[in-house]
Amino acid sequence: MLAKVDVLGSFDFYTSLISLDALSAEDIQGMQVALGDGDFKKLVDGGRLTPDQYQLAAKILPLAAHEYTHFLDATSTLWGFKHLSLMNEAYLSDNKYGTDESGFSKAKTFYDHSRRIRLPNYYTVVNSKTQNIRPWQSHISIGALFSNEGLITNRPVLFSRFSNSRGEQLARSPVSMVSLLEASAMAQELLLHWLLIQHTEDDFRTVEQKHFETRTLDYLHNPEITEYSVCAHIVANQQQCTNVLATFYLCSVIVRLILNLPESSIQKIADNCFVSEVLKLPKDAPTVMAVQNGLKIGDLGVLYYMVCAALPEQSYVSHKAAISGTIAALETIGVDYATLRSDRNKFAYDLCVELWASKIQSISTLSKAAYDNFQKIGDNDFALNFNGLNLPPALLSDSSASLIFSCDSNLLTHFNLDDCFNELFEGQSWVERFSEACI
């Protein structure tokens, strides 16, 4: 689970399992009956959704898209392969696999990596007494992370400070890994929900579109969850974009490219990026120096901000503009896109070869399906084709499991969730037990 706000569904970074806690087998069956053969694509290609069909599909499919995007980002991107690699090394460091004390540190490395996906609550500040009056204002600042010993480190943390229309501070939110992951997942949720609305009857569609826009704006302006909406705010501010869906379109493209940056490209950006020129600040400004340090250590939140700052104007106006704008931004901050793709593909293959050979069967199986997904998902894809990817069943609230999206070639159709949980939870328990011992 990413955080306390994830009450409808969750993705577990220790076991790679998806839970859809707001759904039951009865919900899934009801949707399948309402949609005929359960194939949403065939239905919308052939006609309209009735209000009842829409309500059933809207309860299930956008939520599923959100959590399955977390699954894909955490398994089928370069960042996901590195996550699985750290997991594999950590779980295999258990002495039951013959590892001695000199290898136990890999368990702590994965534990720290997982903790940093979402930063501790300390780094988020919410002023509950400030009135939430729109429009919001925001600006970027940079601080530093604390070490396990409570000392200030050289690891920067990017913040966005939000104020109401009176200039009174509402919240301070870090731009963390969970910020990027949530922007990616929210984009796919909104895209699928919007698609559902477009296939409803005319009068119903007009009303539902307004409800959709209101709900989305409320999400973006909830001070309690700004760590999850901060990436959208950064794009909207940099691009002066008031179209929420267009903002998330652009977010999804940027985040996917960031998650697929190889270490060689990150190093080139750190070496070549003219930070002061991109940010239009003096070279000796504290923000410039902190951003340069963030690039050196490969902080993806800092990288996201730099890509946003380097985007050409109006990169949000179309699919083509978002793709070309993001590629242009990457080149502005110091990396050639063609070289990036070549290095990325090689690095992905090298990581996966090791994962395929893992002694942990669940990791081996997941990584084979994930690499196939990696090859299928293109940089130009706004909306993920969930029905064409390898996706496992999801756990439902009644302890049953269901394949929400599937296709004949799905390598994970028969993926055993109980076996996966037992195998990977044992690894998680080892990691947590050893990490607790590090005092």
# chains A, B, ... in the order shown; residues from 1 in each chain; ligands from 1
call {"tool": "select_by_dssp", "arguments": {"residues": "region 84-205 of chain A", "states": "strand (DSSP E or B)", "output": "PyMOL selection string"}}
result
chain A and resi 125-126+137-146+152-163+169-174+200
call {"tool": "closest_residue", "arguments": {"among": "A:Pro312, A:Gly378, A:Pro135, A:Pro286", "to": "Arg166 (chain A)", "atoms": "only C-alpha atoms"}}
result
A:Pro135
call {"tool": "residues_around", "arguments": {"residues": "Val431 (chain A)", "least_positions_apart": "6", "cutoff": "12 Å", "atoms": "only C-alpha atoms", "output": "tab-separated table (two decimals) with N, CA, C and O atoms, in the first residue's frame"}}
result
chain	number	residue	atom	x	y	z
A	14	TYR	N	6.52	-5.05	-1.67
A	14	TYR	CA	7.30	-6.19	-1.16
A	14	TYR	C	6.88	-7.51	-1.80
A	14	TYR	O	7.67	-8.45	-1.87
A	86	LEU	N	16.74	-5.36	-6.69
A	86	LEU	CA	17.04	-5.13	-5.27
A	86	LEU	C	16.26	-6.09	-4.38
A	86	LEU	O	16.78	-6.60	-3.38
A	87	MET	N	15.00	-6.33	-4.75
A	87	MET	CA	14.17	-7.29	-4.01
A	87	MET	C	14.79	-8.69	-4.07
A	87	MET	O	14.91	-9.38	-3.04
A	88	ASN	N	15.17	-9.10	-5.26
A	88	ASN	CA	15.73	-10.43	-5.45
A	88	ASN	C	17.00	-10.61	-4.61
A	88	ASN	O	17.16	-11.61	-3.89
A	89	GLU	N	17.90	-9.62	-4.68
A	89	GLU	CA	19.14	-9.71	-3.91
A	89	GLU	C	18.87	-9.72	-2.41
A	89	GLU	O	19.52	-10.45	-1.65
A	90	ALA	N	17.89	-8.92	-1.99
A	90	ALA	CA	17.57	-8.84	-0.56
A	90	ALA	C	17.01	-10.15	-0.05
A	90	ALA	O	17.42	-10.65	1.01
A	91	TYR	N	16.06	-10.71	-0.78
A	91	TYR	CA	15.42	-11.94	-0.32
A	91	TYR	C	16.38	-13.13	-0.37
A	91	TYR	O	16.31	-14.03	0.47
A	92	LEU	N	17.29	-13.12	-1.35
A	92	LEU	CA	18.28	-14.20	-1.45
A	92	LEU	C	19.41	-14.04	-0.44
A	92	LEU	O	20.21	-14.97	-0.27
A	93	SER	N	19.48	-12.90	0.23
A	93	SER	CA	20.52	-12.71	1.24
A	93	SER	C	20.20	-13.44	2.54
A	93	SER	O	21.03	-13.50	3.45
A	94	ASP	N	18.98	-13.97	2.64
A	94	ASP	CA	18.60	-14.79	3.79
A	94	ASP	C	19.56	-15.97	3.90
A	94	ASP	O	19.90	-16.62	2.90
A	95	ASN	N	19.99	-16.25	5.13
A	95	ASN	CA	20.98	-17.34	5.28
A	95	ASN	C	20.43	-18.70	4.90
A	95	ASN	O	21.20	-19.66	4.73
A	104	PHE	N	24.32	-9.86	4.19
A	104	PHE	CA	23.04	-9.44	4.78
A	104	PHE	C	22.70	-7.98	4.47
A	104	PHE	O	21.53	-7.59	4.52
A	105	SER	N	23.71	-7.19	4.18
A	105	SER	CA	23.46	-5.76	3.96
A	105	SER	C	22.49	-5.50	2.79
A	105	SER	O	21.86	-4.44	2.73
A	106	LYS	N	22.38	-6.46	1.88
A	106	LYS	CA	21.46	-6.29	0.76
A	106	LYS	C	20.01	-6.23	1.23
A	106	LYS	O	19.17	-5.59	0.59
A	107	ALA	N	19.73	-6.87	2.35
A	107	ALA	CA	18.38	-6.79	2.92
A	107	ALA	C	18.10	-5.37	3.40
A	107	ALA	O	17.01	-4.81	3.16
A	108	LYS	N	19.08	-4.75	4.05
A	108	LYS	CA	18.91	-3.38	4.53
A	108	LYS	C	18.83	-2.40	3.35
A	108	LYS	O	18.09	-1.40	3.41
A	109	THR	N	19.58	-2.66	2.30
A	109	THR	CA	19.54	-1.80	1.12
A	109	THR	C	18.13	-1.76	0.52
A	109	THR	O	17.60	-0.69	0.19
A	110	PHE	N	17.50	-2.92	0.41
A	110	PHE	CA	16.14	-2.97	-0.15
A	110	PHE	C	15.14	-2.35	0.82
A	110	PHE	O	14.19	-1.67	0.39
A	111	TYR	N	15.35	-2.55	2.09
A	111	TYR	CA	14.46	-1.97	3.10
A	111	TYR	C	14.48	-0.44	3.00
A	111	TYR	O	13.44	0.22	2.98
A	112	ASP	N	15.68	0.13	2.89
A	112	ASP	CA	15.81	1.59	2.79
A	112	ASP	C	15.22	2.09	1.48
A	112	ASP	O	14.57	3.15	1.44
A	113	HIS	N	15.46	1.36	0.41
A	113	HIS	CA	14.89	1.71	-0.90
A	113	HIS	C	13.37	1.75	-0.83
A	113	HIS	O	12.73	2.71	-1.32
A	114	SER	N	12.76	0.77	-0.21
A	114	SER	CA	11.30	0.70	-0.12
A	114	SER	C	10.74	1.81	0.75
A	114	SER	O	9.68	2.38	0.45
A	424	LEU	N	7.20	-14.46	-1.30
A	424	LEU	CA	7.75	-13.11	-1.19
A	424	LEU	C	7.54	-12.51	0.19
A	424	LEU	O	8.35	-11.70	0.65
A	425	PHE	N	6.46	-12.91	0.88
A	425	PHE	CA	6.28	-12.41	2.24
A	425	PHE	C	7.35	-12.99	3.15
A	425	PHE	O	7.79	-12.32	4.11
A	437	ALA	N	17.44	-5.30	13.20
A	437	ALA	CA	18.65	-5.63	13.96
A	437	ALA	C	19.77	-4.61	13.75
A	437	ALA	O	20.77	-4.64	14.48
A	438	CYS	N	19.61	-3.75	12.73
A	438	CYS	CA	20.66	-2.76	12.44
A	438	CYS	C	20.48	-1.56	13.35
A	438	CYS	O	19.66	-0.68	13.08
call {"tool": "residues_around", "arguments": {"residues": "Ile117 (chain A)", "least_positions_apart": "2", "cutoff": "9 Å", "atoms": "only C-alpha atoms", "output": "PyMOL selection string"}}
result
chain A and resi 2+112-115+119+176-179
call {"tool": "select_by_dssp", "arguments": {"residues": "region 93-282 of chain A", "states": "helix (DSSP H, G or I)", "output": "JSON, numbers by chain"}}
result
{"A": [95, 96, 97, 101, 102, 103, 105, 106, 107, 108, 109, 110, 111, 112, 113, 114, 115, 121, 122, 123, 177, 178, 179, 180, 181, 182, 183, 184, 185, 186, 187, 188, 189, 190, 191, 192, 193, 194, 195, 196, 197, 198, 202, 203, 204, 205, 206, 207, 208, 209, 210, 211, 212, 213, 214, 215, 216, 217, 218, 219, 220, 223, 224, 225, 226, 227, 228, 229, 230, 231, 232, 233, 234, 235, 236, 237, 238, 239, 244, 245, 246, 247, 248, 249, 250, 251, 252, 253, 254, 255, 256, 257, 258, 259, 263, 264, 265, 266, 267, 268, 269, 270, 271, 272, 275, 276, 277, 278, 279]}
call {"tool": "residues_around", "arguments": {"residues": "Leu303 (chain A)", "least_positions_apart": "2", "cutoff": "9 Å", "atoms": "only C-alpha atoms", "output": "VMD selection string"}}
result
chain A and resid 258 266 269 291 294 to 295 298 to 301 305 to 308
call {"tool": "residues_around", "arguments": {"residues": "Thr124 (chain A)", "least_positions_apart": "6", "cutoff": "9 Å", "atoms": "only C-alpha atoms", "output": "PyMOL selection string"}}
result
chain A and resi 159+171-174+226-227
call {"tool": "residues_around", "arguments": {"residues": "region 320-322 of chain A", "least_positions_apart": "6", "cutoff": "12 Å", "atoms": "only C-alpha atoms", "output": "tab-separated table (two decimals) with N, CA, C and O atoms, in the first residue's frame"}}
result
chain	number	residue	atom	x	y	z
A	235	VAL	N	3.50	20.42	-13.65
A	235	VAL	CA	3.27	20.52	-15.09
A	235	VAL	C	2.32	21.67	-15.42
A	235	VAL	O	2.56	22.47	-16.33
A	239	GLN	N	3.52	24.88	-17.64
A	239	GLN	CA	2.91	25.00	-18.96
A	239	GLN	C	1.76	25.99	-19.01
A	239	GLN	O	1.21	26.23	-20.08
A	246	ALA	N	-5.42	17.18	-20.00
A	246	ALA	CA	-4.21	17.43	-20.79
A	246	ALA	C	-2.99	17.44	-19.89
A	246	ALA	O	-1.91	16.96	-20.27
A	247	THR	N	-3.15	17.98	-18.68
A	247	THR	CA	-2.05	17.98	-17.72
A	247	THR	C	-1.61	16.56	-17.39
A	247	THR	O	-0.41	16.24	-17.38
A	248	PHE	N	-2.58	15.68	-17.13
A	248	PHE	CA	-2.23	14.30	-16.80
A	248	PHE	C	-1.72	13.53	-18.01
A	248	PHE	O	-0.90	12.62	-17.87
A	249	TYR	N	-2.20	13.88	-19.23
A	249	TYR	CA	-1.61	13.29	-20.43
A	249	TYR	C	-0.10	13.51	-20.42
A	249	TYR	O	0.69	12.57	-20.60
A	250	LEU	N	0.27	14.78	-20.24
A	250	LEU	CA	1.68	15.14	-20.27
A	250	LEU	C	2.45	14.50	-19.11
A	250	LEU	O	3.58	14.02	-19.29
A	251	CYS	N	1.84	14.47	-17.94
A	251	CYS	CA	2.46	13.81	-16.78
A	251	CYS	C	2.82	12.35	-17.10
A	251	CYS	O	3.90	11.88	-16.77
A	252	SER	N	1.86	11.66	-17.72
A	252	SER	CA	2.08	10.23	-17.98
A	252	SER	C	3.26	10.00	-18.90
A	252	SER	O	4.03	9.04	-18.72
A	253	VAL	N	3.44	10.87	-19.89
A	253	VAL	CA	4.57	10.73	-20.82
A	253	VAL	C	5.88	11.01	-20.10
A	253	VAL	O	6.85	10.25	-20.23
A	254	ILE	N	5.92	12.09	-19.33
A	254	ILE	CA	7.16	12.46	-18.63
A	254	ILE	C	7.56	11.38	-17.63
A	254	ILE	O	8.71	10.94	-17.59
A	255	VAL	N	6.60	10.92	-16.83
A	255	VAL	CA	6.93	9.93	-15.80
A	255	VAL	C	7.42	8.64	-16.41
A	255	VAL	O	8.40	8.04	-15.94
A	257	LEU	N	9.00	8.17	-19.21
A	257	LEU	CA	10.38	8.36	-19.67
A	257	LEU	C	11.35	8.44	-18.50
A	257	LEU	O	12.46	7.90	-18.55
A	307	VAL	N	12.91	18.21	-16.24
A	307	VAL	CA	12.25	17.96	-17.52
A	307	VAL	C	11.09	18.93	-17.70
A	307	VAL	O	10.92	19.53	-18.77
A	308	CYS	N	10.30	19.11	-16.65
A	308	CYS	CA	9.16	20.04	-16.72
A	308	CYS	C	9.64	21.46	-17.02
A	308	CYS	O	9.02	22.19	-17.81
A	311	LEU	N	10.57	21.92	-20.74
A	311	LEU	CA	9.57	21.65	-21.78
A	311	LEU	C	9.32	22.89	-22.64
A	311	LEU	O	9.21	24.00	-22.12
A	312	PRO	N	9.18	22.71	-23.95
A	312	PRO	CA	8.75	23.82	-24.80
A	312	PRO	C	7.33	24.24	-24.42
A	312	PRO	O	6.57	23.45	-23.85
A	313	GLU	N	6.99	25.47	-24.71
A	313	GLU	CA	5.64	25.94	-24.44
A	313	GLU	C	4.61	25.11	-25.19
A	313	GLU	O	4.87	24.60	-26.27
A	314	GLN	N	3.44	24.95	-24.59
A	314	GLN	CA	2.30	24.26	-25.18
A	314	GLN	C	2.60	22.78	-25.52
A	314	GLN	O	2.08	22.25	-26.49
A	328	ALA	N	12.39	16.82	-26.54
A	328	ALA	CA	13.17	18.06	-26.63
A	328	ALA	C	13.70	18.49	-25.26
A	328	ALA	O	14.83	18.96	-25.14
A	329	ALA	N	12.87	18.31	-24.22
A	329	ALA	CA	13.30	18.67	-22.87
A	329	ALA	C	14.47	17.81	-22.41
A	329	ALA	O	15.43	18.31	-21.80
A	379	ASP	N	6.95	4.41	-25.82
A	379	ASP	CA	7.04	5.75	-25.23
A	379	ASP	C	5.91	6.64	-25.72
A	379	ASP	O	5.56	7.62	-25.07
A	380	ASN	N	5.34	6.32	-26.88
A	380	ASN	CA	4.29	7.15	-27.46
A	380	ASN	C	2.90	6.78	-26.97
A	380	ASN	O	1.92	7.40	-27.38
A	381	ASP	N	2.80	5.76	-26.13
A	381	ASP	CA	1.49	5.31	-25.66
A	381	ASP	C	1.01	6.19	-24.51
A	381	ASP	O	1.59	6.16	-23.42
A	382	PHE	N	-0.05	6.96	-24.76
A	382	PHE	CA	-0.67	7.72	-23.68
A	382	PHE	C	-1.41	6.76	-22.76
A	382	PHE	O	-1.15	6.67	-21.57
call {"tool": "atom_distance", "arguments": {"atom1": "CA of Gln375 (chain A)", "atom2": "CA of Ala348 (chain A)"}}
result
9.9 Å
call {"tool": "closest_residue", "arguments": {"among": "A:Cys273, A:Ala370, A:Leu395, A:Val157", "to": "Val335 (chain A)", "atoms": "only C-alpha atoms"}}
result
A:Cys273
call {"tool": "closest_residue", "arguments": {"among": "A:His83, A:Arg344, A:Lys368, A:Lys296", "to": "Pro156 (chain A)", "atoms": "only C-alpha atoms"}}
result
A:Lys296
